[in-house]
$ cat data_10.csv   # CSV, C-alpha atoms
chain,number,residue,atom,x,y,z
A,1,MET,CA,-55.5,34.7,-13.5
A,2,ALA,CA,-52.2,32.9,-14.1
A,3,ARG,CA,-49.4,35.1,-15.5
A,4,THR,CA,-48.0,33.9,-18.8
A,5,LYS,CA,-44.3,33.0,-19.0
A,6,GLU,CA,-42.3,35.8,-20.7
A,7,PHE,CA,-39.6,33.4,-21.8
A,8,ASP,CA,-39.2,30.1,-23.6
A,9,PRO,CA,-38.5,27.5,-20.9
A,10,ASP,CA,-37.0,25.1,-23.5
A,11,ALA,CA,-34.5,27.8,-24.8
A,12,ALA,CA,-33.7,28.7,-21.2
A,13,LEU,CA,-33.0,25.1,-20.3
A,14,GLN,CA,-30.7,24.8,-23.3
A,15,ALA,CA,-28.9,28.0,-22.3
A,16,ALA,CA,-28.5,26.7,-18.7
A,17,LEU,CA,-27.1,23.4,-20.1
A,18,GLU,CA,-24.5,25.3,-22.1
A,19,LEU,CA,-23.5,27.4,-19.2
A,20,PHE,CA,-23.3,24.5,-16.7
A,21,TRP,CA,-21.4,22.5,-19.4
A,22,ARG,CA,-18.9,25.3,-19.9
A,23,ARG,CA,-18.4,26.3,-16.2
A,24,GLY,CA,-19.5,23.3,-14.1
A,25,TYR,CA,-22.0,23.3,-11.3
A,26,GLU,CA,-20.0,24.9,-8.5
A,27,ALA,CA,-18.6,27.6,-10.6
A,28,THR,CA,-22.0,28.7,-11.9
A,29,SER,CA,-23.9,30.9,-9.5
A,30,MET,CA,-27.6,31.7,-9.6
A,31,SER,CA,-26.6,35.3,-10.6
A,32,ASP,CA,-24.7,33.8,-13.6
A,33,LEU,CA,-27.8,31.9,-14.6
A,34,VAL,CA,-30.0,35.0,-14.4
A,35,ALA,CA,-27.6,36.9,-16.5
A,36,HIS,CA,-27.0,34.2,-19.1
A,37,LEU,CA,-30.6,33.1,-19.4
A,38,GLY,CA,-32.0,36.6,-19.3
A,39,VAL,CA,-34.6,35.4,-17.0
A,40,GLY,CA,-35.4,36.6,-13.5
A,41,ARG,CA,-34.4,34.6,-10.5
A,42,ALA,CA,-38.0,34.1,-9.4
A,43,SER,CA,-39.0,32.9,-12.8
A,44,ILE,CA,-36.1,30.4,-12.8
A,45,TYR,CA,-37.1,29.0,-9.4
A,46,ALA,CA,-40.8,28.9,-10.4
A,47,THR,CA,-40.1,27.1,-13.7
A,48,PHE,CA,-37.1,24.8,-12.8
A,49,GLY,CA,-36.8,24.7,-9.1
A,50,SER,CA,-33.5,25.2,-7.4
A,51,LYS,CA,-30.1,25.5,-9.1
A,52,HIS,CA,-29.5,21.8,-8.5
A,53,GLU,CA,-32.9,20.9,-10.0
A,54,LEU,CA,-32.1,23.0,-13.0
A,55,TYR,CA,-28.7,21.3,-13.4
A,56,LEU,CA,-30.3,17.9,-13.2
A,57,LYS,CA,-32.9,18.9,-15.9
A,58,ALA,CA,-30.0,20.2,-18.1
A,59,LEU,CA,-28.2,16.9,-17.6
A,60,ASP,CA,-31.4,15.0,-18.5
A,61,ARG,CA,-31.5,17.0,-21.7
A,62,TYR,CA,-27.9,16.3,-22.7
A,63,ARG,CA,-27.7,13.7,-25.4
A,64,ASP,CA,-25.4,12.5,-28.2
A,65,PRO,CA,-27.9,12.2,-31.0
A,66,GLN,CA,-25.4,10.6,-33.4
A,67,LEU,CA,-24.7,7.5,-31.2
A,68,LEU,CA,-27.9,5.6,-31.8
A,69,SER,CA,-27.9,6.2,-35.6
A,70,GLU,CA,-24.1,5.5,-35.9
A,71,LEU,CA,-24.3,2.2,-34.0
A,72,SER,CA,-27.6,1.0,-35.4
A,73,LEU,CA,-26.9,1.3,-39.1
A,74,PRO,CA,-27.6,-1.8,-41.2
A,75,GLY,CA,-24.6,-3.6,-42.6
A,76,PRO,CA,-21.2,-4.2,-41.0
A,77,ALA,CA,-21.2,-3.2,-37.3
A,78,LEU,CA,-17.5,-3.2,-36.4
A,79,PRO,CA,-16.6,-0.3,-38.7
A,80,ALA,CA,-19.4,1.7,-37.0
A,81,VAL,CA,-18.0,0.9,-33.5
A,82,ARG,CA,-14.5,2.0,-34.7
A,83,ALA,CA,-15.9,5.2,-36.2
A,84,VAL,CA,-17.7,6.1,-32.9
A,85,VAL,CA,-14.5,5.5,-30.9
A,86,ARG,CA,-12.5,7.6,-33.3
A,87,ARG,CA,-15.1,10.4,-33.3
A,88,PHE,CA,-14.9,10.5,-29.5
A,89,ALA,CA,-11.1,10.7,-29.7
A,90,ALA,CA,-11.3,13.5,-32.3
A,91,GLU,CA,-13.9,15.5,-30.4
A,92,SER,CA,-11.9,15.1,-27.2
A,93,THR,CA,-8.9,16.8,-28.8
A,94,ALA,CA,-10.7,19.4,-30.9
A,95,GLU,CA,-10.0,22.8,-29.6
A,96,ASP,CA,-13.6,23.9,-29.5
A,97,ARG,CA,-14.6,20.8,-27.5
A,98,ARG,CA,-11.5,20.2,-25.5
A,99,LEU,CA,-12.0,22.9,-23.0
A,100,THR,CA,-15.6,22.1,-22.3
A,101,GLY,CA,-15.2,18.3,-22.4
A,102,CYS,CA,-18.3,16.1,-22.0
A,103,PHE,CA,-21.1,17.2,-19.8
A,104,ILE,CA,-21.6,13.6,-18.5
A,105,VAL,CA,-17.9,13.2,-17.7
A,106,ASN,CA,-17.7,16.6,-16.1
A,107,THR,CA,-20.6,15.7,-13.9
A,108,ALA,CA,-19.1,12.3,-13.0
A,109,VAL,CA,-15.9,14.1,-11.9
A,110,GLU,CA,-17.5,17.1,-10.2
A,111,LEU,CA,-20.7,15.9,-8.6
A,112,ALA,CA,-21.3,12.1,-8.8
A,113,PRO,CA,-19.0,11.2,-5.9
A,114,HIS,CA,-21.2,13.1,-3.5
A,115,ASP,CA,-24.5,13.7,-5.3
A,116,SER,CA,-26.7,10.6,-5.7
A,117,ALA,CA,-29.1,12.2,-8.2
A,118,ALA,CA,-26.3,13.3,-10.5
A,119,CYS,CA,-24.6,9.9,-10.1
A,120,ARG,CA,-27.8,8.1,-11.2
A,121,ARG,CA,-27.9,10.2,-14.3
A,122,VAL,CA,-24.3,9.6,-15.1
A,123,GLU,CA,-24.8,5.8,-14.6
A,124,ARG,CA,-27.9,5.9,-16.8
A,125,SER,CA,-26.0,7.6,-19.6
A,126,TRP,CA,-23.1,5.1,-19.3
A,127,ASP,CA,-25.6,2.2,-19.3
A,128,GLN,CA,-27.1,3.5,-22.5
A,129,LEU,CA,-23.8,3.9,-24.2
A,130,GLU,CA,-22.6,0.5,-23.0
A,131,THR,CA,-25.9,-1.1,-24.3
A,132,LEU,CA,-25.5,0.5,-27.7
A,133,LEU,CA,-21.9,-0.7,-27.9
A,134,ARG,CA,-22.8,-4.2,-26.8
A,135,SER,CA,-25.6,-4.5,-29.3
A,136,ALA,CA,-23.3,-3.4,-32.1
A,137,LEU,CA,-20.7,-5.9,-31.0
A,138,VAL,CA,-23.2,-8.7,-30.7
A,139,ARG,CA,-24.3,-7.9,-34.3
A,140,ALA,CA,-20.7,-7.8,-35.4
A,141,GLN,CA,-20.2,-11.3,-33.9
A,142,ALA,CA,-23.3,-12.6,-35.5
A,143,GLN,CA,-22.2,-11.3,-38.9
A,144,GLY,CA,-18.7,-12.9,-38.5
A,145,GLU,CA,-16.8,-9.6,-38.0
A,146,LEU,CA,-15.9,-10.4,-34.4
A,147,ASP,CA,-14.4,-13.7,-33.3
A,148,GLU,CA,-16.9,-16.0,-31.5
A,149,GLY,CA,-14.5,-16.3,-28.5
A,150,ARG,CA,-14.8,-12.6,-27.7
A,151,ASP,CA,-17.1,-11.3,-25.0
A,152,PRO,CA,-19.2,-8.4,-26.4
A,153,HIS,CA,-20.3,-7.4,-22.9
A,154,ALA,CA,-16.7,-7.1,-21.6
A,155,LEU,CA,-15.6,-5.4,-24.8
A,156,ALA,CA,-18.4,-2.9,-24.6
A,157,ARG,CA,-17.4,-2.1,-21.0
A,158,MET,CA,-13.8,-1.7,-22.0
A,159,LEU,CA,-14.8,0.7,-24.8
A,160,LEU,CA,-17.1,2.7,-22.5
A,161,VAL,CA,-14.3,3.2,-20.0
A,162,LEU,CA,-11.9,4.1,-22.7
A,163,MET,CA,-14.3,6.6,-24.3
A,164,GLN,CA,-14.9,8.3,-21.1
A,165,GLY,CA,-11.2,8.3,-20.3
A,166,LEU,CA,-10.6,9.9,-23.7
A,167,ARG,CA,-12.8,12.7,-22.7
A,168,VAL,CA,-10.9,13.3,-19.5
A,169,VAL,CA,-7.5,13.1,-21.0
A,170,GLY,CA,-8.5,15.2,-24.0
A,171,LYS,CA,-9.8,17.9,-21.7
A,172,ALA,CA,-6.6,18.0,-19.6
A,173,SER,CA,-3.9,17.3,-22.2
A,174,ALA,CA,-2.7,19.5,-25.1
A,175,ASP,CA,-1.2,16.4,-26.8
A,176,PRO,CA,-3.8,14.9,-29.1
A,177,SER,CA,-1.6,12.0,-30.0
A,178,ARG,CA,-2.0,10.7,-26.4
A,179,VAL,CA,-5.8,10.3,-27.0
A,180,ARG,CA,-5.5,9.1,-30.6
A,181,ASP,CA,-2.9,6.4,-29.8
A,182,ALA,CA,-4.9,5.1,-26.9
A,183,ALA,CA,-8.0,4.9,-29.1
A,184,GLU,CA,-6.2,3.0,-31.8
A,185,GLN,CA,-4.6,0.6,-29.4
A,186,ALA,CA,-8.0,-0.2,-27.9
A,187,LEU,CA,-9.5,-0.7,-31.3
A,188,ALA,CA,-6.8,-3.2,-32.2
A,189,LEU,CA,-8.3,-5.4,-29.4
A,190,LEU,CA,-11.3,-5.8,-31.7
A,191,ASP,CA,-9.3,-7.5,-34.4
$ encode --input "data_10.csv" --output "structure tokens"
Amino acid sequence: MARTKEFDPDAALQAALELFWRRGYEATSMSDLVAHLGVGRASIYATFGSKHELYLKALDRYRDPQLLSELSLPGPALPAVRAVVRRFAAESTAEDRRLTGCFIVNTAVELAPHDSAACRRVERSWDQLETLLRSALVRAQAQGELDEGRDPHALARMLLVLMQGLRVVGKASADPSRVRDAAEQALALLD
């Protein structure tokens, strides 16, 4: 007879995500996971696989639920794009988020250069963000908010790189004006 799980795998995965996000992959040991999740090592392995597999599952779970709704609202699209960029800048310099940064950016910096599975997930996340931005910019152009001569694809890529850079600089710098000024200068390119 199969033994029933004595823990909630969904809650454990969320707890693992939070620990990895706060500490990073390399700085999080299996002992740290056991203590933080309150789940035995054997149960973690049986449910999630290795530490690396658990990390990838946590990365798959990580989402920004606001993005789709913010960039897909009916009506003018350019104010929504501006609001998203400004939100990224504000979150990047907020004390409670500054030290943890963005889980995707943290993974890009720590693991993606030498971990193809992590790199694919980072790329997939960036592709999704770029697609949302491009769609909003195409809508803005169709609605007359963005000049016809502008390239929504190139602008979306520029904003993606800016937004990810905001996360990196926000995490490392105690000067929030550096992030805010960069965001505002990039947004001026949409005028």
$ closest_residue --input "data_10.csv" --among "A:Asp32, A:Asp181, A:Glu53, A:Asp64" --to "A:Gln128" --atoms "all atoms listed in the file"
A:Asp64
$ residues_around --input "data_10.csv" --residues "stretch 73-76 of chain A" --least-positions-apart "2" --cutoff "8 Å" --atoms "only C-alpha atoms" --output "PyMOL selection string"
chain A and resi 69-71+78-80+140+143+145
$ atom_distance --input "data_10.csv" --atom1 "atom CA of A:Arg167" --atom2 "atom CA of A:His114"
21.0 Å
$ closest_residue --input "data_10.csv" --among "A:Met30, A:Leu37, A:Val85, A:Leu132" --to "A:Leu68" --atoms "all atoms listed in the file"
A:Leu132
$ residues_around --input "data_10.csv" --residues "A:Arg86" --least-positions-apart "6" --cutoff "10 Å" --atoms "all atoms listed in the file" --output "number ranges by chain"
A: 80, 92, 163, 179-180, 183-184, 187
$ residues_near_point --input "data_10.csv" --point "(-14.0, 10.3, -20.3)" --cutoff "9 Å" --atoms "all atoms listed in the file" --output "ChimeraX atom specification"
/A:92,101-102,104-106,160-171
$ atom_distance --input "data_10.csv" --atom1 "atom CA of A:Ala46" --atom2 "atom CA of A:Ala118"
21.3 Å
$ residues_around --input "data_10.csv" --residues "A:Leu129" --least-positions-apart "4" --cutoff "8 Å" --atoms "all atoms listed in the file" --output "list of chain:residue names"
A:Leu67, A:Ser125, A:Leu133, A:Leu160
$ decode --input "data_10.csv" --residues "stretch 123-146 of chain A" --atoms "C-alpha atoms" --output "mmCIF file, in the first residue's frame"
data_model
loop_
_atom_site.group_PDB
_atom_site.id
_atom_site.type_symbol
_atom_site.label_atom_id
_atom_site.label_comp_id
_atom_site.auth_asym_id
_atom_site.auth_seq_id
_atom_site.Cartn_x
_atom_site.Cartn_y
_atom_site.Cartn_z
ATOM 1 C CA GLU A 123 14.666 32.710 -22.191
ATOM 2 C CA ARG A 124 11.056 31.491 -22.094
ATOM 3 C CA SER A 125 10.196 34.060 -19.424
ATOM 4 C CA TRP A 126 11.865 36.835 -21.396
ATOM 5 C CA ASP A 127 10.113 35.709 -24.597
ATOM 6 C CA GLN A 128 6.757 35.950 -22.812
ATOM 7 C CA LEU A 129 7.505 39.423 -21.471
ATOM 8 C CA GLU A 130 8.749 40.593 -24.867
ATOM 9 C CA THR A 131 5.628 39.214 -26.568
ATOM 10 C CA LEU A 132 3.336 41.010 -24.104
ATOM 11 C CA LEU A 133 5.215 44.272 -24.600
ATOM 12 C CA ARG A 134 5.255 43.909 -28.399
ATOM 13 C CA SER A 135 1.519 43.159 -28.492
ATOM 14 C CA ALA A 136 0.772 46.236 -26.401
ATOM 15 C CA LEU A 137 3.004 48.384 -28.618
ATOM 16 C CA VAL A 138 1.366 47.038 -31.789
ATOM 17 C CA ARG A 139 -2.008 47.941 -30.267
ATOM 18 C CA ALA A 140 -0.690 51.389 -29.351
ATOM 19 C CA GLN A 141 0.456 51.876 -32.929
ATOM 20 C CA ALA A 142 -2.890 50.703 -34.343
ATOM 21 C CA GLN A 143 -4.690 53.127 -32.004
ATOM 22 C CA GLY A 144 -2.498 56.053 -33.085
ATOM 23 C CA GLU A 145 -0.643 56.326 -29.759
ATOM 24 C CA LEU A 146 2.720 55.286 -31.208
#
